[in-house]
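First up is the structure itself, then whatever we jot down about it.
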Amino acid sequence: MEALRVAIVGAGAIAQRNAAETAQSGVATVVGVYDVNVKVARDMAQRLGAKLFSSYEEVLADPSV
């Protein structure tokens, strides 16, 4: 079974925990991150090896998510 590919929209404290749990789940992979605070989103994306999105519209339009 292929892992579910998810993007995190909003990279605050709760999202940080959700992203870590998702990455450890074995059933899903975080493939992208978006937040209006680009630094926070960039840091999370780098930690997870995920793509940094520039808008939530870009997240919704990406077929890899």
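Naming scheme: A, B, ... for chains in displayed order of the structure tokens; residues 1 onward per chain; ligands 1 onward as shown.
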Excluding A:Ala23 and any residue of its chain fewer than 2 positions from it, enumerate the residues within 12 Å of it, using only C-alpha atoms, and give them as a short mmCIF file (atom, residue, chain, number, x, y, z; two decimals) with all heavy atoms, in the first residue's frame.
```cif
data_model
loop_
_atom_site.label_atom_id
_atom_site.label_comp_id
_atom_site.auth_asym_id
_atom_site.auth_seq_id
_atom_site.Cartn_x
_atom_site.Cartn_y
_atom_site.Cartn_z
N ALA A 3 1.99 5.04 0.75
CA ALA A 3 1.75 5.96 1.86
C ALA A 3 0.92 7.15 1.39
O ALA A 3 1.05 7.63 0.27
CB ALA A 3 3.08 6.46 2.42
N LEU A 4 0.05 7.62 2.26
CA LEU A 4 -0.73 8.82 2.01
C LEU A 4 0.22 10.01 1.98
O LEU A 4 1.09 10.14 2.84
CB LEU A 4 -1.76 9.00 3.13
CG LEU A 4 -2.68 10.20 3.07
CD1 LEU A 4 -3.59 10.09 1.85
CD2 LEU A 4 -3.51 10.27 4.34
N ARG A 5 0.10 10.87 0.97
CA ARG A 5 0.98 12.03 0.82
C ARG A 5 0.21 13.28 1.24
O ARG A 5 -0.79 13.63 0.63
CB ARG A 5 1.44 12.13 -0.63
CG ARG A 5 2.25 10.88 -1.05
CD ARG A 5 2.53 10.85 -2.53
NE ARG A 5 3.19 12.04 -3.01
CZ ARG A 5 4.52 12.24 -3.01
NH1 ARG A 5 5.31 11.31 -2.53
NH2 ARG A 5 5.02 13.36 -3.46
N VAL A 6 0.68 13.93 2.32
CA VAL A 6 -0.04 15.07 2.87
C VAL A 6 0.82 16.32 2.87
O VAL A 6 2.04 16.26 2.86
CB VAL A 6 -0.52 14.78 4.32
CG1 VAL A 6 -1.46 13.61 4.37
CG2 VAL A 6 0.65 14.56 5.25
N ALA A 7 0.14 17.45 2.89
CA ALA A 7 0.80 18.74 3.07
C ALA A 7 0.24 19.37 4.34
O ALA A 7 -0.94 19.25 4.64
CB ALA A 7 0.56 19.65 1.88
N ILE A 8 1.10 20.04 5.05
CA ILE A 8 0.72 20.74 6.27
C ILE A 8 0.46 22.20 5.90
O ILE A 8 1.33 22.86 5.33
CB ILE A 8 1.85 20.67 7.33
CG1 ILE A 8 2.20 19.22 7.67
CG2 ILE A 8 1.49 21.48 8.56
CD1 ILE A 8 1.16 18.46 8.42
N ALA A 15 0.74 21.98 14.50
CA ALA A 15 1.18 21.40 13.22
C ALA A 15 2.54 20.74 13.35
O ALA A 15 2.80 19.72 12.71
CB ALA A 15 1.20 22.47 12.14
N GLN A 16 3.42 21.31 14.17
CA GLN A 16 4.74 20.71 14.37
C GLN A 16 4.59 19.30 14.94
O GLN A 16 5.24 18.35 14.47
CB GLN A 16 5.58 21.57 15.33
CG GLN A 16 5.86 22.97 14.86
CD GLN A 16 6.92 23.05 13.79
OE1 GLN A 16 7.79 22.20 13.68
NE2 GLN A 16 6.86 24.09 12.99
N ARG A 17 3.72 19.16 15.91
CA ARG A 17 3.48 17.84 16.52
C ARG A 17 2.81 16.90 15.53
O ARG A 17 3.18 15.73 15.40
CB ARG A 17 2.63 17.98 17.77
CG ARG A 17 2.40 16.66 18.43
CD ARG A 17 1.68 16.78 19.73
NE ARG A 17 1.41 15.45 20.22
CZ ARG A 17 1.09 15.19 21.45
NH1 ARG A 17 1.00 16.14 22.34
NH2 ARG A 17 0.84 13.95 21.83
N ASN A 18 1.79 17.41 14.82
CA ASN A 18 1.10 16.57 13.83
C ASN A 18 2.05 16.11 12.74
O ASN A 18 1.99 14.96 12.30
CB ASN A 18 -0.07 17.33 13.22
CG ASN A 18 -1.22 17.52 14.17
OD1 ASN A 18 -1.33 16.84 15.18
ND2 ASN A 18 -2.08 18.47 13.87
N ALA A 19 2.93 16.98 12.29
CA ALA A 19 3.89 16.62 11.25
C ALA A 19 4.85 15.53 11.73
O ALA A 19 5.14 14.58 11.01
CB ALA A 19 4.67 17.84 10.79
N ALA A 20 5.32 15.66 12.95
CA ALA A 20 6.23 14.66 13.51
C ALA A 20 5.53 13.31 13.65
O ALA A 20 6.10 12.26 13.29
CB ALA A 20 6.76 15.12 14.87
N GLU A 21 4.30 13.31 14.13
CA GLU A 21 3.54 12.07 14.28
C GLU A 21 3.24 11.45 12.91
O GLU A 21 3.30 10.23 12.75
CB GLU A 21 2.24 12.32 15.04
CG GLU A 21 2.43 12.74 16.48
CD GLU A 21 3.05 11.65 17.34
OE1 GLU A 21 2.84 10.46 17.07
OE2 GLU A 21 3.76 12.01 18.30
N SER A 25 4.41 7.74 11.47
CA SER A 25 3.27 6.82 11.41
C SER A 25 3.50 5.59 10.53
O SER A 25 2.91 4.54 10.78
CB SER A 25 2.03 7.56 10.92
OG SER A 25 2.14 7.82 9.52
N GLY A 26 4.28 5.76 9.49
CA GLY A 26 4.47 4.65 8.57
C GLY A 26 3.37 4.52 7.53
O GLY A 26 3.48 3.73 6.60
N VAL A 27 2.29 5.27 7.67
CA VAL A 27 1.19 5.20 6.71
C VAL A 27 1.02 6.50 5.92
O VAL A 27 0.23 6.55 4.99
CB VAL A 27 -0.15 4.84 7.39
CG1 VAL A 27 -0.08 3.45 8.02
CG2 VAL A 27 -0.56 5.87 8.41
N ALA A 28 1.75 7.54 6.33
CA ALA A 28 1.64 8.83 5.64
C ALA A 28 3.00 9.49 5.57
O ALA A 28 3.87 9.24 6.41
CB ALA A 28 0.65 9.74 6.35
N THR A 29 3.16 10.35 4.57
CA THR A 29 4.40 11.10 4.38
C THR A 29 4.04 12.58 4.20
O THR A 29 3.15 12.90 3.42
CB THR A 29 5.14 10.62 3.11
OG1 THR A 29 5.39 9.22 3.24
CG2 THR A 29 6.44 11.35 2.93
N VAL A 30 4.73 13.44 4.90
CA VAL A 30 4.55 14.88 4.71
C VAL A 30 5.38 15.28 3.50
O VAL A 30 6.60 15.17 3.53
CB VAL A 30 4.95 15.69 5.95
CG1 VAL A 30 4.79 17.18 5.69
CG2 VAL A 30 4.14 15.27 7.17
N VAL A 31 4.71 15.73 2.45
CA VAL A 31 5.41 16.09 1.21
C VAL A 31 5.48 17.58 0.99
O VAL A 31 6.18 18.04 0.09
CB VAL A 31 4.78 15.40 -0.02
CG1 VAL A 31 4.91 13.89 0.09
CG2 VAL A 31 3.33 15.81 -0.21
N GLY A 32 4.77 18.37 1.81
CA GLY A 32 4.79 19.80 1.63
C GLY A 32 4.34 20.55 2.85
O GLY A 32 3.64 20.00 3.70
N MET A 44 10.28 23.94 8.93
CA MET A 44 9.58 22.67 9.02
C MET A 44 9.81 21.83 7.76
O MET A 44 10.09 20.63 7.86
CB MET A 44 8.08 22.87 9.23
CG MET A 44 7.31 21.56 9.31
SD MET A 44 5.52 21.79 9.32
CE MET A 44 5.23 21.86 11.07
N ALA A 45 9.70 22.45 6.62
CA ALA A 45 9.90 21.73 5.35
C ALA A 45 11.31 21.13 5.29
O ALA A 45 11.48 19.98 4.88
CB ALA A 45 9.66 22.66 4.16
N ARG A 47 13.27 20.29 7.83
CA ARG A 47 13.37 19.19 8.80
C ARG A 47 12.73 17.92 8.26
O ARG A 47 13.20 16.82 8.53
CB ARG A 47 12.67 19.58 10.11
CG ARG A 47 13.55 20.24 11.10
CD ARG A 47 12.94 20.26 12.50
NE ARG A 47 11.53 20.60 12.57
CZ ARG A 47 11.03 21.82 12.55
NH1 ARG A 47 11.82 22.86 12.43
NH2 ARG A 47 9.73 22.02 12.64
N LEU A 48 11.63 18.08 7.52
CA LEU A 48 10.89 16.92 7.03
C LEU A 48 11.31 16.47 5.63
O LEU A 48 10.83 15.45 5.15
CB LEU A 48 9.39 17.24 7.02
CG LEU A 48 8.77 17.52 8.38
CD1 LEU A 48 7.37 18.07 8.21
CD2 LEU A 48 8.77 16.27 9.23
N GLY A 49 12.16 17.24 4.98
CA GLY A 49 12.53 16.93 3.60
C GLY A 49 11.35 17.12 2.67
O GLY A 49 11.17 16.37 1.71
N ALA A 50 10.53 18.12 2.96
CA ALA A 50 9.30 18.36 2.21
C ALA A 50 9.43 19.63 1.37
O ALA A 50 10.30 20.47 1.60
CB ALA A 50 8.12 18.50 3.18
#
```
Residues within 10 Å of stretch 57-60 of chain A, only C-alpha atoms, excluding chain neighbours under 3 positions, as a PDB file with all heavy atoms, in the first residue's frame:
```pdb
ATOM      1  N   VAL A   6       0.676  13.926   2.319  1.00  0.00           N
ATOM      2  CA  VAL A   6      -0.042  15.066   2.873  1.00  0.00           C
ATOM      3  C   VAL A   6       0.820  16.321   2.872  1.00  0.00           C
ATOM      4  O   VAL A   6       2.045  16.255   2.865  1.00  0.00           O
ATOM      5  CB  VAL A   6      -0.523  14.780   4.321  1.00  0.00           C
ATOM      6  CG1 VAL A   6      -1.460  13.606   4.366  1.00  0.00           C
ATOM      7  CG2 VAL A   6       0.653  14.555   5.248  1.00  0.00           C
ATOM      8  N   ALA A   7       0.137  17.452   2.885  1.00  0.00           N
ATOM      9  CA  ALA A   7       0.796  18.741   3.069  1.00  0.00           C
ATOM     10  C   ALA A   7       0.244  19.373   4.340  1.00  0.00           C
ATOM     11  O   ALA A   7      -0.936  19.247   4.642  1.00  0.00           O
ATOM     12  CB  ALA A   7       0.555  19.650   1.876  1.00  0.00           C
ATOM     13  N   ILE A   8       1.097  20.044   5.054  1.00  0.00           N
ATOM     14  CA  ILE A   8       0.719  20.744   6.267  1.00  0.00           C
ATOM     15  C   ILE A   8       0.462  22.204   5.905  1.00  0.00           C
ATOM     16  O   ILE A   8       1.330  22.857   5.326  1.00  0.00           O
ATOM     17  CB  ILE A   8       1.846  20.673   7.328  1.00  0.00           C
ATOM     18  CG1 ILE A   8       2.200  19.224   7.673  1.00  0.00           C
ATOM     19  CG2 ILE A   8       1.492  21.482   8.559  1.00  0.00           C
ATOM     20  CD1 ILE A   8       1.157  18.458   8.421  1.00  0.00           C
ATOM     21  N   VAL A   9      -0.719  22.698   6.216  1.00  0.00           N
ATOM     22  CA  VAL A   9      -1.053  24.108   5.999  1.00  0.00           C
ATOM     23  C   VAL A   9      -1.179  24.736   7.377  1.00  0.00           C
ATOM     24  O   VAL A   9      -2.095  24.406   8.135  1.00  0.00           O
ATOM     25  CB  VAL A   9      -2.355  24.267   5.186  1.00  0.00           C
ATOM     26  CG1 VAL A   9      -2.730  25.739   5.061  1.00  0.00           C
ATOM     27  CG2 VAL A   9      -2.202  23.629   3.809  1.00  0.00           C
ATOM     28  N   GLY A  32       4.772  18.365   1.805  1.00  0.00           N
ATOM     29  CA  GLY A  32       4.795  19.802   1.627  1.00  0.00           C
ATOM     30  C   GLY A  32       4.336  20.548   2.849  1.00  0.00           C
ATOM     31  O   GLY A  32       3.639  20.004   3.703  1.00  0.00           O
ATOM     32  N   VAL A  33       4.747  21.832   2.912  1.00  0.00           N
ATOM     33  CA  VAL A  33       4.397  22.695   4.034  1.00  0.00           C
ATOM     34  C   VAL A  33       4.104  24.089   3.503  1.00  0.00           C
ATOM     35  O   VAL A  33       4.807  24.600   2.626  1.00  0.00           O
ATOM     36  CB  VAL A  33       5.561  22.786   5.052  1.00  0.00           C
ATOM     37  CG1 VAL A  33       5.221  23.723   6.197  1.00  0.00           C
ATOM     38  CG2 VAL A  33       5.941  21.418   5.584  1.00  0.00           C
ATOM     39  N   TYR A  34       3.062  24.712   4.065  1.00  0.00           N
ATOM     40  CA  TYR A  34       2.770  26.113   3.772  1.00  0.00           C
ATOM     41  C   TYR A  34       2.357  26.814   5.056  1.00  0.00           C
ATOM     42  O   TYR A  34       1.626  26.270   5.880  1.00  0.00           O
ATOM     43  CB  TYR A  34       1.632  26.274   2.755  1.00  0.00           C
ATOM     44  CG  TYR A  34       1.119  27.690   2.724  1.00  0.00           C
ATOM     45  CD1 TYR A  34       1.892  28.699   2.186  1.00  0.00           C
ATOM     46  CD2 TYR A  34      -0.092  28.026   3.304  1.00  0.00           C
ATOM     47  CE1 TYR A  34       1.461  30.024   2.209  1.00  0.00           C
ATOM     48  CE2 TYR A  34      -0.544  29.343   3.325  1.00  0.00           C
ATOM     49  CZ  TYR A  34       0.241  30.326   2.781  1.00  0.00           C
ATOM     50  OH  TYR A  34      -0.184  31.636   2.805  1.00  0.00           O
ATOM     51  N   LYS A  51       8.522  19.773   0.430  1.00  0.00           N
ATOM     52  CA  LYS A  51       8.478  20.951  -0.434  1.00  0.00           C
ATOM     53  C   LYS A  51       7.899  22.131   0.339  1.00  0.00           C
ATOM     54  O   LYS A  51       6.957  21.970   1.123  1.00  0.00           O
ATOM     55  CB  LYS A  51       7.597  20.644  -1.646  1.00  0.00           C
ATOM     56  CG  LYS A  51       7.417  21.796  -2.599  1.00  0.00           C
ATOM     57  CD  LYS A  51       6.538  21.386  -3.771  1.00  0.00           C
ATOM     58  CE  LYS A  51       6.311  22.568  -4.707  1.00  0.00           C
ATOM     59  NZ  LYS A  51       5.480  22.174  -5.866  1.00  0.00           N
ATOM     60  N   LEU A  52       8.438  23.325   0.089  1.00  0.00           N
ATOM     61  CA  LEU A  52       7.906  24.553   0.660  1.00  0.00           C
ATOM     62  C   LEU A  52       6.949  25.154  -0.359  1.00  0.00           C
ATOM     63  O   LEU A  52       7.337  25.469  -1.482  1.00  0.00           O
ATOM     64  CB  LEU A  52       9.032  25.539   0.972  1.00  0.00           C
ATOM     65  CG  LEU A  52       8.608  26.912   1.477  1.00  0.00           C
ATOM     66  CD1 LEU A  52       7.898  26.789   2.824  1.00  0.00           C
ATOM     67  CD2 LEU A  52       9.813  27.828   1.581  1.00  0.00           C
ATOM     68  N   PHE A  53       5.695  25.285   0.013  1.00  0.00           N
ATOM     69  CA  PHE A  53       4.699  25.892  -0.870  1.00  0.00           C
ATOM     70  C   PHE A  53       4.585  27.377  -0.573  1.00  0.00           C
ATOM     71  O   PHE A  53       4.761  27.810   0.567  1.00  0.00           O
ATOM     72  CB  PHE A  53       3.327  25.228  -0.665  1.00  0.00           C
ATOM     73  CG  PHE A  53       3.228  23.856  -1.252  1.00  0.00           C
ATOM     74  CD1 PHE A  53       3.359  22.736  -0.445  1.00  0.00           C
ATOM     75  CD2 PHE A  53       2.999  23.673  -2.606  1.00  0.00           C
ATOM     76  CE1 PHE A  53       3.255  21.460  -0.978  1.00  0.00           C
ATOM     77  CE2 PHE A  53       2.885  22.410  -3.146  1.00  0.00           C
ATOM     78  CZ  PHE A  53       3.019  21.299  -2.331  1.00  0.00           C
ATOM     79  N   SER A  54       4.239  28.172  -1.583  1.00  0.00           N
ATOM     80  CA  SER A  54       4.133  29.622  -1.420  1.00  0.00           C
ATOM     81  C   SER A  54       2.699  30.097  -1.177  1.00  0.00           C
ATOM     82  O   SER A  54       2.488  31.266  -0.874  1.00  0.00           O
ATOM     83  CB  SER A  54       4.714  30.335  -2.640  1.00  0.00           C
ATOM     84  OG  SER A  54       4.008  29.967  -3.804  1.00  0.00           O
ATOM     85  N   PRO A  63      -0.724  17.887  -7.675  1.00  0.00           N
ATOM     86  CA  PRO A  63      -1.247  16.517  -7.730  1.00  0.00           C
ATOM     87  C   PRO A  63      -0.439  15.512  -6.899  1.00  0.00           C
ATOM     88  O   PRO A  63      -0.910  14.401  -6.656  1.00  0.00           O
ATOM     89  CB  PRO A  63      -1.198  16.168  -9.208  1.00  0.00           C
ATOM     90  CG  PRO A  63      -0.143  17.059  -9.778  1.00  0.00           C
ATOM     91  CD  PRO A  63      -0.180  18.313  -8.956  1.00  0.00           C
ATOM     92  N   SER A  64       0.753  15.906  -6.436  1.00  0.00           N
ATOM     93  CA  SER A  64       1.543  14.967  -5.636  1.00  0.00           C
ATOM     94  C   SER A  64       1.098  14.913  -4.172  1.00  0.00           C
ATOM     95  O   SER A  64       1.546  14.082  -3.419  1.00  0.00           O
ATOM     96  CB  SER A  64       3.035  15.336  -5.692  1.00  0.00           C
ATOM     97  OG  SER A  64       3.290  16.531  -4.979  1.00  0.00           O
ATOM     98  N   VAL A  65       0.180  15.819  -3.810  1.00  0.00           N
ATOM     99  CA  VAL A  65      -0.351  15.843  -2.432  1.00  0.00           C
ATOM    100  C   VAL A  65      -1.625  15.027  -2.390  1.00  0.00           C
ATOM    101  O   VAL A  65      -2.489  15.180  -3.223  1.00  0.00           O
ATOM    102  CB  VAL A  65      -0.622  17.290  -1.959  1.00  0.00           C
ATOM    103  CG1 VAL A  65      -1.246  17.286  -0.579  1.00  0.00           C
ATOM    104  CG2 VAL A  65       0.650  18.096  -1.972  1.00  0.00           C
TER     105      VAL A  65
END
```
Mind pulling up the distance from atom CA of A:Asp62 to atom CA of A:Val38? 18.6 Å
Going by DSSP on the backbone, which residues of chain A come out as helix (DSSP H, G or I)? List them as a PyMOL selection string. chain A and resi 13-25+38-48+56-61
